[in-house]
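Peer 1: Sharing final.txt (compact mmCIF, C-alpha atoms and all ligand atoms) below.
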```txt
# COMPACT_ATOMS: atom_id res chain seq x y z
CA MET A 1 2.53 -28.63 -14.27
CA SER A 2 -0.85 -29.28 -15.81
CA LYS A 3 -2.22 -31.89 -18.16
CA THR A 4 -1.53 -29.51 -21.01
CA GLY A 5 2.10 -28.94 -20.02
CA GLU A 6 1.56 -25.28 -19.23
CA THR A 7 2.56 -23.89 -15.84
CA PRO A 8 0.07 -21.52 -14.30
CA ARG A 9 1.41 -18.58 -12.37
CA PHE A 10 -1.28 -18.86 -9.71
CA ARG A 11 -2.23 -21.94 -7.74
CA ARG A 12 -5.46 -20.61 -6.26
CA VAL A 13 -7.54 -17.78 -7.72
CA VAL A 14 -10.76 -15.92 -7.08
CA LEU A 15 -12.61 -15.04 -10.27
CA LYS A 16 -15.00 -12.14 -9.75
CA LEU A 17 -17.89 -12.11 -12.19
CA SER A 18 -20.25 -9.18 -12.09
CA GLY A 19 -23.90 -9.94 -12.66
CA GLU A 20 -23.66 -8.04 -15.93
CA ALA A 21 -21.06 -10.51 -17.17
CA LEU A 22 -23.82 -13.16 -17.22
CA ALA A 23 -26.26 -10.86 -18.94
CA GLY A 24 -24.24 -10.54 -22.14
CA SER A 25 -25.27 -7.84 -24.58
CA ARG A 26 -28.82 -7.60 -23.23
CA GLY A 27 -27.50 -5.95 -20.09
CA PHE A 28 -29.99 -7.65 -17.77
CA GLY A 29 -31.13 -11.14 -16.79
CA ILE A 30 -29.12 -14.25 -17.66
CA ASP A 31 -27.94 -15.17 -21.16
CA LEU A 32 -27.34 -18.92 -21.07
CA ASP A 33 -24.96 -18.84 -24.05
CA VAL A 34 -22.83 -16.30 -22.22
CA VAL A 35 -22.92 -18.41 -19.06
CA LYS A 36 -21.78 -21.39 -21.13
CA HIS A 37 -18.87 -19.39 -22.53
CA ILE A 38 -17.83 -18.39 -19.01
CA ALA A 39 -18.09 -22.01 -17.83
CA GLU A 40 -15.81 -23.07 -20.69
CA GLU A 41 -13.29 -20.44 -19.71
CA ILE A 42 -13.37 -21.69 -16.13
CA ARG A 43 -12.99 -25.29 -17.25
CA GLU A 44 -9.87 -24.32 -19.14
CA ILE A 45 -8.08 -23.04 -16.06
CA HIS A 46 -9.47 -25.87 -13.96
CA GLU A 47 -7.76 -28.25 -16.38
CA LEU A 48 -4.49 -26.45 -15.76
CA GLY A 49 -4.77 -27.61 -12.15
CA VAL A 50 -5.65 -24.16 -10.83
CA GLU A 51 -7.95 -24.06 -7.80
CA VAL A 52 -10.83 -21.84 -8.80
CA ALA A 53 -13.23 -19.98 -6.54
CA VAL A 54 -15.82 -17.75 -8.17
CA VAL A 55 -17.62 -14.79 -6.62
CA VAL A 56 -20.71 -13.78 -8.57
CA GLY A 57 -22.47 -10.44 -8.53
CA GLY A 58 -26.15 -9.78 -8.95
CA GLY A 59 -26.37 -6.45 -10.74
CA ASN A 60 -27.98 -8.09 -13.80
CA ILE A 61 -31.04 -8.80 -11.68
CA TRP A 62 -31.12 -6.33 -8.83
CA ARG A 63 -29.08 -3.51 -7.38
CA GLY A 64 -29.74 -2.39 -3.82
CA VAL A 65 -28.57 1.18 -4.26
CA GLN A 66 -30.88 1.81 -7.20
CA ALA A 67 -33.88 0.38 -5.39
CA GLN A 68 -33.07 2.62 -2.45
CA LYS A 69 -33.11 5.63 -4.77
CA ALA A 70 -36.59 4.57 -5.84
CA GLY A 71 -37.68 4.68 -2.21
CA MET A 72 -36.99 1.21 -0.85
CA ASP A 73 -35.41 0.48 2.48
CA ARG A 74 -31.68 0.02 1.74
CA ALA A 75 -31.09 -3.08 3.85
CA THR A 76 -34.10 -4.89 2.36
CA ALA A 77 -33.06 -3.90 -1.15
CA ASP A 78 -29.54 -5.16 -0.44
CA TYR A 79 -30.80 -8.52 0.79
CA MET A 80 -32.71 -8.81 -2.48
CA GLY A 81 -29.43 -8.12 -4.30
CA MET A 82 -27.75 -10.89 -2.37
CA LEU A 83 -30.53 -13.28 -3.36
CA ALA A 84 -29.98 -12.28 -6.98
CA THR A 85 -26.36 -13.46 -6.73
CA ILE A 86 -27.61 -16.89 -5.65
CA ILE A 87 -29.74 -17.20 -8.79
CA ASN A 88 -26.68 -16.34 -10.87
CA ALA A 89 -24.54 -18.81 -8.96
CA MET A 90 -27.00 -21.61 -9.67
CA SER A 91 -26.98 -20.94 -13.40
CA LEU A 92 -23.19 -21.00 -13.45
CA GLN A 93 -23.07 -24.20 -11.39
CA ASP A 94 -25.41 -25.86 -13.86
CA ALA A 95 -23.28 -24.78 -16.83
CA LEU A 96 -20.07 -25.99 -15.17
CA GLU A 97 -21.50 -29.37 -14.24
CA LYS A 98 -22.77 -29.82 -17.80
CA LEU A 99 -19.12 -29.54 -18.81
CA GLY A 100 -18.16 -32.16 -16.24
CA VAL A 101 -16.61 -29.77 -13.72
CA ASP A 102 -17.50 -30.64 -10.13
CA THR A 103 -18.89 -27.46 -8.57
CA ARG A 104 -20.19 -26.44 -5.17
CA VAL A 105 -22.15 -23.33 -4.37
CA GLN A 106 -21.67 -21.87 -0.90
CA THR A 107 -23.88 -19.02 0.17
CA ALA A 108 -23.40 -16.38 2.82
CA ILE A 109 -27.16 -16.53 3.42
CA GLU A 110 -28.29 -19.98 4.49
CA MET A 111 -30.46 -21.79 2.00
CA ARG A 112 -29.68 -25.42 2.69
CA GLU A 113 -32.11 -26.85 0.16
CA ILE A 114 -30.17 -25.40 -2.72
CA ALA A 115 -26.63 -24.70 -1.55
CA GLU A 116 -24.14 -25.26 1.23
CA PRO A 117 -23.71 -22.53 3.78
CA TYR A 118 -20.39 -20.72 3.58
CA ILE A 119 -17.83 -22.59 5.68
CA ARG A 120 -14.30 -21.50 5.07
CA ARG A 121 -12.51 -24.75 5.85
CA ARG A 122 -14.98 -26.70 3.80
CA ALA A 123 -14.52 -24.35 0.85
CA ILE A 124 -10.77 -24.92 1.03
CA ARG A 125 -11.30 -28.71 1.16
CA HIS A 126 -13.45 -28.53 -1.98
CA LEU A 127 -10.78 -26.53 -3.77
CA GLU A 128 -8.08 -28.97 -2.74
CA LYS A 129 -10.20 -31.80 -4.11
CA GLY A 130 -10.38 -30.02 -7.45
CA ARG A 131 -13.92 -28.70 -7.18
CA VAL A 132 -14.85 -25.25 -8.34
CA VAL A 133 -16.46 -23.30 -5.49
CA ILE A 134 -18.93 -20.53 -6.23
CA PHE A 135 -19.39 -18.06 -3.43
CA ALA A 136 -22.90 -16.62 -3.55
CA GLY A 137 -24.81 -14.22 -1.33
CA GLY A 138 -22.02 -11.64 -1.28
CA THR A 139 -20.70 -11.05 2.22
CA GLY A 140 -24.13 -11.77 3.69
CA ASN A 141 -24.36 -8.16 4.86
CA PRO A 142 -26.23 -5.22 3.40
CA TYR A 143 -24.23 -2.09 2.50
CA PHE A 144 -21.47 -4.21 0.97
CA SER A 145 -20.78 -5.28 -2.59
CA THR A 146 -19.81 -8.52 -4.21
CA ASP A 147 -16.43 -6.88 -4.97
CA THR A 148 -15.91 -6.71 -1.23
CA ALA A 149 -17.09 -10.31 -0.98
CA ALA A 150 -14.42 -11.26 -3.55
CA ALA A 151 -11.70 -9.46 -1.55
CA LEU A 152 -12.90 -11.00 1.70
CA ARG A 153 -13.13 -14.54 0.39
CA ALA A 154 -9.80 -14.22 -1.41
CA ALA A 155 -8.18 -13.24 1.89
CA GLU A 156 -9.92 -16.03 3.77
CA ILE A 157 -9.01 -18.83 1.39
CA GLU A 158 -5.56 -17.32 0.74
CA ALA A 159 -6.08 -16.91 -2.97
CA GLU A 160 -3.05 -15.51 -4.77
CA VAL A 161 -4.97 -13.17 -7.03
CA ILE A 162 -8.40 -11.79 -7.82
CA LEU A 163 -9.25 -11.93 -11.50
CA MET A 164 -11.72 -9.11 -12.10
CA ALA A 165 -13.70 -9.88 -15.22
CA LYS A 166 -14.80 -6.83 -17.21
CA ARG A 167 -16.10 -6.09 -20.66
CA VAL A 168 -13.11 -3.89 -21.53
CA ASP A 169 -9.41 -4.74 -21.79
CA GLY A 170 -8.39 -3.25 -18.46
CA VAL A 171 -8.30 0.09 -16.72
CA TYR A 172 -8.00 3.23 -18.88
CA ASP A 173 -7.29 6.86 -18.12
CA SER A 174 -10.58 7.72 -19.84
CA ASP A 175 -13.49 5.78 -21.34
CA PRO A 176 -12.05 3.72 -24.24
CA LEU A 177 -15.50 3.40 -25.84
CA SER A 178 -15.93 7.15 -26.27
CA ASN A 179 -12.28 8.25 -26.43
CA PRO A 180 -10.17 6.41 -29.06
CA SER A 181 -6.92 7.78 -27.62
CA ALA A 182 -7.66 6.52 -24.10
CA ARG A 183 -4.57 4.85 -22.59
CA ARG A 184 -4.64 1.56 -20.76
CA PHE A 185 -2.68 1.26 -17.52
CA THR A 186 -0.58 -1.87 -17.27
CA HIS A 187 0.02 -1.45 -13.56
CA LEU A 188 -1.72 0.52 -10.87
CA THR A 189 -1.32 0.86 -7.15
CA TYR A 190 -4.14 0.19 -4.71
CA ARG A 191 -3.97 3.88 -3.86
CA ASP A 192 -4.59 4.78 -7.51
CA VAL A 193 -7.69 2.61 -7.43
CA ILE A 194 -8.93 4.04 -4.14
CA ASN A 195 -8.16 7.71 -4.77
CA ARG A 196 -8.83 8.06 -8.47
CA GLY A 197 -12.16 6.26 -8.71
CA LEU A 198 -11.00 4.23 -11.70
CA GLY A 199 -13.94 1.85 -11.61
CA VAL A 200 -11.92 -1.26 -10.80
CA MET A 201 -13.78 -2.00 -7.59
CA ASP A 202 -15.25 0.00 -4.74
CA SER A 203 -12.92 1.48 -2.15
CA THR A 204 -13.93 -0.95 0.62
CA ALA A 205 -12.94 -3.86 -1.59
CA ALA A 206 -9.73 -2.17 -2.77
CA SER A 207 -8.68 -1.34 0.80
CA LEU A 208 -9.18 -4.93 1.82
CA CYS A 209 -7.00 -6.08 -1.09
CA MET A 210 -4.36 -3.49 -0.21
CA ASP A 211 -4.27 -4.41 3.47
CA ASN A 212 -3.91 -8.08 2.64
CA GLY A 213 -1.59 -7.69 -0.33
CA ILE A 214 -3.91 -9.44 -2.77
CA PRO A 215 -3.07 -8.47 -6.35
CA ILE A 216 -5.90 -7.88 -8.80
CA VAL A 217 -5.87 -8.49 -12.54
CA VAL A 218 -8.54 -6.56 -14.45
CA PHE A 219 -9.17 -8.16 -17.83
CA ASN A 220 -11.67 -8.56 -20.64
CA LEU A 221 -13.80 -11.66 -20.14
CA THR A 222 -15.49 -11.41 -23.51
CA LYS A 223 -12.27 -12.37 -25.33
CA LYS A 224 -11.94 -16.13 -25.60
CA GLY A 225 -8.97 -17.59 -23.71
CA ASN A 226 -8.40 -14.53 -21.57
CA VAL A 227 -9.04 -16.21 -18.22
CA LYS A 228 -6.34 -18.73 -19.09
CA ARG A 229 -3.97 -16.01 -20.24
CA ALA A 230 -4.48 -14.26 -16.92
CA VAL A 231 -3.65 -17.35 -14.85
CA LEU A 232 -0.62 -18.12 -17.01
CA GLY A 233 0.63 -14.68 -16.01
CA GLU A 234 0.54 -13.20 -19.52
CA GLU A 235 0.45 -9.41 -19.61
CA ILE A 236 -3.19 -8.81 -20.26
CA GLY A 237 -5.34 -6.07 -18.84
CA THR A 238 -4.25 -4.08 -15.83
CA GLN A 239 -2.56 -5.37 -12.75
CA VAL A 240 -3.22 -3.72 -9.41
CA GLY A 241 -0.70 -4.29 -6.62
CA GLY A 242 1.50 -7.36 -6.56
CA SER A 243 5.25 -7.70 -6.86
CA SER A 244 7.65 -6.68 -9.60
CA MET A 245 5.76 -3.42 -9.64
CA PRO A 246 7.34 -0.04 -10.33
CA ASP A 247 5.68 0.82 -7.01
CA ASP A 248 8.10 -1.34 -5.09
CA GLU A 249 10.99 0.77 -6.34
CA ARG A 250 9.11 3.95 -5.67
CA ALA A 251 8.25 2.87 -2.12
CA ARG A 252 11.84 1.87 -1.48
CA ALA A 253 13.15 5.19 -2.79
CA GLU A 254 10.59 7.10 -0.78
CA GLN A 255 11.61 5.34 2.43
CA LYS A 256 15.30 6.07 1.83
CA MET A 257 14.64 9.72 1.01
CA LYS A 258 12.57 10.10 4.16
CA GLU A 259 15.47 8.74 6.17
CA ILE A 260 17.82 11.23 4.53
CA VAL A 261 15.56 14.13 5.50
CA GLU A 262 15.45 12.77 9.07
CA ALA A 263 19.25 12.61 9.10
CA THR A 264 19.34 16.24 7.92
CA ARG A 265 17.13 17.20 10.84
CA ARG A 266 19.42 15.38 13.26
CA GLU A 267 22.59 16.94 11.84
CA PHE A 268 21.08 20.41 12.00
CA ALA A 269 20.04 19.87 15.60
CA GLN A 270 23.71 19.28 16.40
CA ILE A 271 24.75 22.65 14.99
CA ARG A 272 24.80 24.92 17.97
CA THR A 273 23.26 28.33 17.59
CA GLY A 274 22.44 31.08 20.05
CA ARG A 275 19.21 29.28 20.83
CA ALA A 276 18.87 26.65 23.56
CA ASN A 277 18.02 23.20 22.21
CA PRO A 278 18.03 19.95 24.22
CA ALA A 279 19.45 18.13 21.18
CA LEU A 280 22.73 19.97 21.86
CA LEU A 281 23.30 17.52 24.68
CA ASP A 282 22.39 14.40 22.68
CA ARG A 283 25.97 13.21 22.47
CA ILE A 284 26.81 13.70 26.13
CA THR A 285 27.35 10.50 28.09
CA VAL A 286 27.57 10.44 31.86
CA GLU A 287 29.40 8.05 34.15
CA ALA A 288 27.12 6.99 36.99
CA TYR A 289 26.34 3.91 39.06
CA GLY A 290 29.46 2.23 37.70
CA ASP A 291 28.23 2.53 34.10
CA VAL A 292 27.87 5.05 31.27
CA TYR A 293 24.47 6.52 30.32
CA PRO A 294 23.20 8.97 27.71
CA ILE A 295 22.28 12.13 29.56
CA ASN A 296 18.58 11.90 28.80
CA GLN A 297 18.35 8.62 30.69
CA LEU A 298 19.49 10.33 33.88
CA ALA A 299 17.79 13.71 33.65
CA SER A 300 15.05 15.71 31.99
CA ILE A 301 16.16 18.62 29.84
CA SER A 302 13.88 21.59 29.35
CA VAL A 303 14.04 24.99 27.67
CA PRO A 304 12.20 27.49 29.87
CA GLU A 305 13.64 30.44 27.92
CA ALA A 306 15.12 30.84 24.44
CA ARG A 307 18.70 30.87 25.77
CA LEU A 308 18.35 28.67 28.81
CA LEU A 309 18.65 24.90 29.23
CA VAL A 310 17.62 23.37 32.54
CA ILE A 311 18.80 19.88 33.42
CA GLN A 312 16.93 18.16 36.19
CA PRO A 313 18.42 14.80 37.21
CA TRP A 314 16.04 12.06 38.38
CA ASP A 315 18.52 11.38 41.19
CA ARG A 316 20.26 14.37 42.80
CA LYS A 317 23.33 12.27 43.54
CA VAL A 318 24.31 12.17 39.87
CA LEU A 319 24.13 15.96 39.44
CA PRO A 320 27.91 16.40 39.85
CA ASN A 321 28.53 13.56 37.36
CA ILE A 322 26.38 15.32 34.77
CA GLU A 323 28.09 18.61 35.43
CA ARG A 324 31.49 17.00 34.97
CA ALA A 325 30.45 15.32 31.72
CA ILE A 326 29.26 18.63 30.24
CA LEU A 327 32.41 20.47 31.27
CA LYS A 328 34.56 17.71 29.83
CA SER A 329 32.76 17.77 26.47
CA ASP A 330 33.78 19.97 23.54
CA LEU A 331 30.59 22.04 23.81
CA ALA A 332 32.24 24.91 25.70
CA LEU A 333 29.15 25.32 27.85
CA THR A 334 29.29 26.19 31.53
CA PRO A 335 26.55 24.71 33.69
CA VAL A 336 25.62 26.43 36.93
CA SER A 337 24.45 24.14 39.71
CA ASP A 338 22.13 25.03 42.57
CA GLY A 339 22.40 21.58 44.10
CA SER A 340 19.24 20.21 42.49
CA VAL A 341 19.29 21.43 38.87
CA LEU A 342 21.86 22.60 36.35
CA ARG A 343 21.28 25.72 34.30
CA ILE A 344 23.13 26.45 31.11
CA THR A 345 22.89 29.86 29.50
CA ILE A 346 23.72 29.65 25.82
CA PRO A 347 26.16 32.40 24.90
CA THR A 348 25.39 34.64 21.95
CA LEU A 349 27.47 33.95 18.87
CA THR A 350 29.92 36.29 17.22
CA GLU A 351 29.20 37.41 13.68
CA GLU A 352 32.12 35.36 12.39
CA ARG A 353 30.98 32.23 14.22
CA ARG A 354 27.51 32.63 12.73
CA ARG A 355 28.92 32.76 9.22
CA ASP A 356 30.97 29.62 9.85
CA LEU A 357 27.90 27.83 11.14
CA VAL A 358 25.88 28.80 8.06
CA LYS A 359 28.66 27.33 5.93
CA ILE A 360 28.52 24.10 7.92
CA ALA A 361 24.74 23.92 7.57
CA LYS A 362 25.01 24.50 3.81
CA LYS A 363 27.52 21.71 3.51
CA VAL A 364 25.24 19.33 5.41
CA ALA A 365 22.32 20.24 3.14
CA GLU A 366 24.41 19.73 0.01
CA ASP A 367 25.59 16.28 1.16
CA MET A 368 22.00 15.31 1.85
CA ARG A 369 20.80 16.53 -1.54
CA VAL A 370 23.50 14.40 -3.15
CA ALA A 371 22.25 11.42 -1.13
CA VAL A 372 18.69 12.01 -2.38
CA ARG A 373 19.92 12.20 -5.98
CA ASN A 374 21.90 9.00 -5.57
CA THR A 375 18.75 7.31 -4.32
CA ARG A 376 16.92 8.55 -7.41
CA ARG A 377 19.63 7.13 -9.68
CA GLU A 378 19.60 3.74 -7.97
CA ALA A 379 15.79 3.51 -8.19
CA ILE A 380 15.75 4.42 -11.87
CA ASP A 381 18.57 1.97 -12.63
CA ALA A 382 16.54 -0.75 -10.91
CA LEU A 383 13.47 0.13 -12.98
CA ARG A 384 15.52 0.06 -16.20
CA ALA A 385 16.79 -3.40 -15.31
CA LYS A 386 13.23 -4.56 -14.69
CA GLN A 387 12.14 -3.20 -18.02
CA LYS A 388 15.03 -4.99 -19.73
CA ASN A 389 13.91 -8.23 -18.10
CA LYS A 390 10.41 -7.53 -19.36
CA GLU A 391 9.10 -7.45 -15.80
CA ILE A 392 7.61 -4.04 -16.49
CA THR A 393 6.67 -2.25 -19.69
CA GLU A 394 8.14 0.87 -21.33
CA ASP A 395 5.13 2.77 -20.03
CA ASP A 396 5.72 1.56 -16.49
CA LEU A 397 9.34 2.64 -16.75
CA LYS A 398 8.32 6.08 -17.95
CA LYS A 399 5.72 6.48 -15.26
CA GLY A 400 8.10 5.10 -12.62
CA GLN A 401 10.78 7.60 -13.64
CA GLU A 402 8.31 10.45 -13.42
CA ASP A 403 7.15 9.32 -9.99
CA ILE A 404 10.69 9.01 -8.69
CA GLN A 405 11.55 12.45 -10.07
CA LYS A 406 8.56 13.87 -8.22
CA LEU A 407 9.75 12.26 -4.99
CA THR A 408 13.24 13.66 -5.56
CA ASP A 409 11.89 17.17 -6.05
CA LYS A 410 9.71 16.89 -2.98
CA PHE A 411 12.45 15.70 -0.64
CA ILE A 412 15.01 18.18 -1.94
CA ALA A 413 12.49 20.94 -1.29
CA GLU A 414 12.15 19.63 2.27
CA ILE A 415 15.91 19.78 2.77
CA ASP A 416 15.97 23.31 1.35
CA ALA A 417 13.24 24.36 3.78
CA LEU A 418 15.14 22.86 6.71
CA LEU A 419 18.27 24.70 5.65
CA GLU A 420 16.43 27.97 5.35
CA ALA A 421 15.00 27.59 8.86
CA LYS A 422 18.39 26.63 10.26
CA GLU A 423 20.09 29.63 8.64
CA ALA A 424 17.46 31.92 10.11
CA GLU A 425 18.01 30.34 13.53
CA ILE A 426 21.79 30.80 13.29
CA MET A 427 21.55 34.44 12.21
CA GLU A 428 18.96 35.29 14.87
CA VAL A 429 20.58 37.72 17.33
N1 LIG B 501 -25.08 -6.94 -1.88
C1 LIG B 501 -25.02 -6.68 -0.53
N2 LIG B 501 -24.01 -7.16 0.23
C2 LIG B 501 -22.99 -7.89 -0.32
C3 LIG B 501 -23.01 -8.11 -1.71
C4 LIG B 501 -24.06 -7.63 -2.47
O1 LIG B 501 -25.91 -6.03 0.00
O2 LIG B 501 -22.08 -8.31 0.42
C5 LIG B 501 -26.22 -6.48 -2.68
C6 LIG B 501 -26.19 -5.02 -3.09
O3 LIG B 501 -27.50 -4.52 -3.03
C7 LIG B 501 -25.74 -5.09 -4.53
C8 LIG B 501 -26.36 -6.36 -5.01
O4 LIG B 501 -26.29 -7.22 -3.88
O5 LIG B 501 -26.23 -3.98 -5.26
C9 LIG B 501 -25.65 -6.98 -6.19
O6 LIG B 501 -24.28 -7.09 -5.95
P1 LIG B 501 -23.20 -6.21 -6.77
O7 LIG B 501 -23.79 -4.88 -7.09
O8 LIG B 501 -21.93 -6.23 -6.03
O9 LIG B 501 -23.11 -7.09 -8.06
P2 LIG B 501 -22.30 -6.80 -9.43
O10 LIG B 501 -22.14 -5.31 -9.59
O11 LIG B 501 -21.00 -7.47 -9.27
O12 LIG B 501 -23.15 -7.41 -10.46
```
Could you write out this file's structure as structure tokens?

Peer 2:
Amino acid sequence: MSKTGETPRFRRVVLKLSGEALAGSRGFGIDLDVVKHIAEEIREIHELGVEVAVVVGGGNIWRGVQAQKAGMDRATADYMGMLATIINAMSLQDALEKLGVDTRVQTAIEMREIAEPYIRRRAIRHLEKGRVVIFAGGTGNPYFSTDTAAALRAAEIEAEVILMAKRVDGVYDSDPLSNPSARRFTHLTYRDVINRGLGVMDSTAASLCMDNGIPIVVFNLTKKGNVKRAVLGEEIGTQVGGSSMPDDERARAEQKMKEIVEATRREFAQIRTGRANPALLDRITVEAYGDVYPINQLASISVPEARLLVIQPWDRKVLPNIERAILKSDLALTPVSDGSVLRITIPTLTEERRRDLVKIAKKVAEDMRVAVRNTRREAIDALRAKQKNKEITEDDLKKGQEDIQKLTDKFIAEIDALLEAKEAEIMEV
């Protein structure tokens, strides 16, 4: 609990400020009134007891990529960009300290006269002591961005979230400034961010967040009180990743459906056709060395011809044991031994037997389709419950339902394709 009696959702956060955020409406340089506003916002969450680390950009002063386009060496231009972030960091430190908030700047490029070098453990100590830490100098490497620096530092200091400050209310399906009917996403997956180029952060940064499970909240910094709303866990902006996501349900459903398709494959492999298939022997167990083994632990099984299985035991002595086990099984197959290998010729099937087998295969496929549909129902029920609890919005529910329907269609089509192939195999003369 904080001095104000409000309970923040996050204990430690990384706030990512782009250089442009400090530039205000001018779009370049530093607007001190804007910096003051940002410092006030930071003070507000600091007073809630939240540990705040800030990563600042430098795009208001210098952008490496643009300078490269104008003919500069990329690495040099990037180092200039990193220096720009240090200038920004210093202005923010000054504004925070004016408000009485203890602040340390740590830079990825050493500059001991004006800031501490970046030392992870020391940064964490500062945070624990209630100091705001500003990470400047990006990652210290050219070809990276300060978004990547934010992801990297968040992972290193084990921040619970990255708050991505923007000048719009979140992530939209099209530009909200030019398209009045643009829709804001309330939740997105990391994959959405990486694959759809939604302008949240670059793909290097997003991958790092995804791999380390760091959620991101994209929100509008220009609205007063928004930083606080974000740390209190209010639904503002767009959330990327994190728990209580419709994605969790989707991922769970996808996993289950995959398993069902795998089970279909296994069941089909057990249906014997005129074609030789090592899986036919999967269920055979052999008594040997005073124990019982699955056949494939005692022998290799190969298919040199379409109707021929050859079983080669690792140890000749167990050949008779394997032969006995096959004869004893309900497979009605007759192995022929030459003393070192067993050969099994698969008999051709009668027309009637083929029809029966097709019926069996169809029944398997139908059971599996039902299992996929049950998985869909469970996933959608879970999403409905989440929406009722206000964990997700109506929009999330709708999108989640659509996604789960798509998965259902995809996996049912896979089962249908497996069935079709199996039927063709059974009917093959
Ligand atoms: N930069 C870099 N490596 C880093 C971070 C930043 O080379 O790890 C350079 C790069 O040239 C970039 C500039 O610093 O264009 C400013 O950073 P960025 O564009 O990420 O700032 P923002 O867009 O957040 O203002």

Peer 1: Please, which residues have at least one atom within 9 Å of an atom of ligand LIG 501 (chain B), using all atoms listed in the file, listed as number ranges by chain?

Peer 2: A: 16-22, 55-67, 74-85, 108, 136-149

Peer 1: Taking 2 positions as the minimum chain separation for residues in the same chain, which residues sit within 9 Å of Ala361 (chain A) when counting only C-alpha atoms? Answer as a list in words.

Peer 2: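 Listed by chain and then number, they are Glu267, Phe268, Ile271, Asp356, Leu357, Val358, Lys359, Lys363, Val364, Ala365, Glu366, Leu419, Lys422 and Glu423 of chain A.
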
Peer 1: Counting only C-alpha atoms, figure out which residue out of A:Ser329, A:Thr186, A:Gln387, A:Thr408 gets nearest to Asn374 (chain A).

Peer 2: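 So, comparing all the options, the nearest one is A:Thr408.
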
Peer 1: Using all atoms listed in the file, which of A:Ala95, A:Val372, A:Ile86, A:Ile346 sits nearest Ile38 (chain A)?

Peer 2: A:Ala95

Peer 1: Could you check which of A:Ala288, A:Leu96, A:Ala151, A:Ala123 is closest to Val35 (chain A), using all atoms listed in the file?

Peer 2: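 With all atoms listed in the file as the atom set, the closest residue is A:Leu96.
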
Peer 1: Which value, in Å to one decimal, gives the distance between CA of Val13 (chain A) and CA of Ala205 (chain A)?

Peer 2: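 Atom-to-atom, CA of Val13 (chain A) and CA of Ala205 (chain A) are spaced 16.1 Å apart.
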
Peer 1: Rank A:Gly225, A:Pro176, A:Gly400, A:Gly49 by their smallest atom-to-atom distance to Ala251 (chain A), using only C-alpha atoms, and report the top residue only.

Peer 2: A:Gly400

Peer 1: With 9 Å as the threshold, what does the neighbourhood of (-9.4, -4.7, -4.8) contain in terms of residues, counting all atoms listed in the file? Coordinates are those of the file; answer as number ranges by chain.

Peer 2: A: 147-148, 150-151, 162, 164, 190, 193-194, 200-210, 214-216, 240-241

Peer 1: Please write the residues from the selection above to a file, keeping C-alpha atoms, as a PDB file, in the coordinates of the input.

Peer 2:
```
ATOM      1  CA  ASP A 147     -16.430  -6.880  -4.970  1.00  0.00           C
ATOM      2  CA  THR A 148     -15.910  -6.710  -1.230  1.00  0.00           C
ATOM      3  CA  ALA A 150     -14.420 -11.260  -3.550  1.00  0.00           C
ATOM      4  CA  ALA A 151     -11.700  -9.460  -1.550  1.00  0.00           C
ATOM      5  CA  ILE A 162      -8.400 -11.790  -7.820  1.00  0.00           C
ATOM      6  CA  MET A 164     -11.720  -9.110 -12.100  1.00  0.00           C
ATOM      7  CA  TYR A 190      -4.140   0.190  -4.710  1.00  0.00           C
ATOM      8  CA  VAL A 193      -7.690   2.610  -7.430  1.00  0.00           C
ATOM      9  CA  ILE A 194      -8.930   4.040  -4.140  1.00  0.00           C
ATOM     10  CA  VAL A 200     -11.920  -1.260 -10.800  1.00  0.00           C
ATOM     11  CA  MET A 201     -13.780  -2.000  -7.590  1.00  0.00           C
ATOM     12  CA  ASP A 202     -15.250   0.000  -4.740  1.00  0.00           C
ATOM     13  CA  SER A 203     -12.920   1.480  -2.150  1.00  0.00           C
ATOM     14  CA  THR A 204     -13.930  -0.950   0.620  1.00  0.00           C
ATOM     15  CA  ALA A 205     -12.940  -3.860  -1.590  1.00  0.00           C
ATOM     16  CA  ALA A 206      -9.730  -2.170  -2.770  1.00  0.00           C
ATOM     17  CA  SER A 207      -8.680  -1.340   0.800  1.00  0.00           C
ATOM     18  CA  LEU A 208      -9.180  -4.930   1.820  1.00  0.00           C
ATOM     19  CA  CYS A 209      -7.000  -6.080  -1.090  1.00  0.00           C
ATOM     20  CA  MET A 210      -4.360  -3.490  -0.210  1.00  0.00           C
ATOM     21  CA  ILE A 214      -3.910  -9.440  -2.770  1.00  0.00           C
ATOM     22  CA  PRO A 215      -3.070  -8.470  -6.350  1.00  0.00           C
ATOM     23  CA  ILE A 216      -5.900  -7.880  -8.800  1.00  0.00           C
ATOM     24  CA  VAL A 240      -3.220  -3.720  -9.410  1.00  0.00           C
ATOM     25  CA  GLY A 241      -0.700  -4.290  -6.620  1.00  0.00           C
TER      26      GLY A 241
END
```

Peer 1: As an exercise, work out the distance from CA of Ala417 (chain A) to CA of Asp248 (chain A) in Å and give it to one decimal place.

Peer 2: 27.7 Å

Peer 1: Just the number, please: distance in Å from CA of Gly100 (chain A) to CA of Ile134 (chain A), one decimal.

Peer 2: 15.4 Å

Peer 1: Closest to Gly339 (chain A) among A:Leu319, A:Ile124, A:Leu327, A:Ala115, using only C-alpha atoms?

Peer 2: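 Nearest to Gly339 (chain A): A:Leu319.
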
Peer 1: Find the spatial neighbours of Ala53 (chain A), counting only C-alpha atoms, within a cut-off of 10 Å - ignore same-chain residues fewer than 6 positions away - and output them as JSON, numbers by chain.

Peer 2: {"A": [12, 13, 14, 15, 16, 42, 103, 104, 105, 123, 124, 126, 127, 131, 132, 133, 134, 135, 150, 153, 154, 157, 159, 162]}

Peer 1: Restricting the calculation to all atoms listed in the file: of A:Glu116, A:Glu6, A:Glu160, A:Glu249, which residue gets closest to Lys386 (chain A)?

Peer 2: A:Glu249
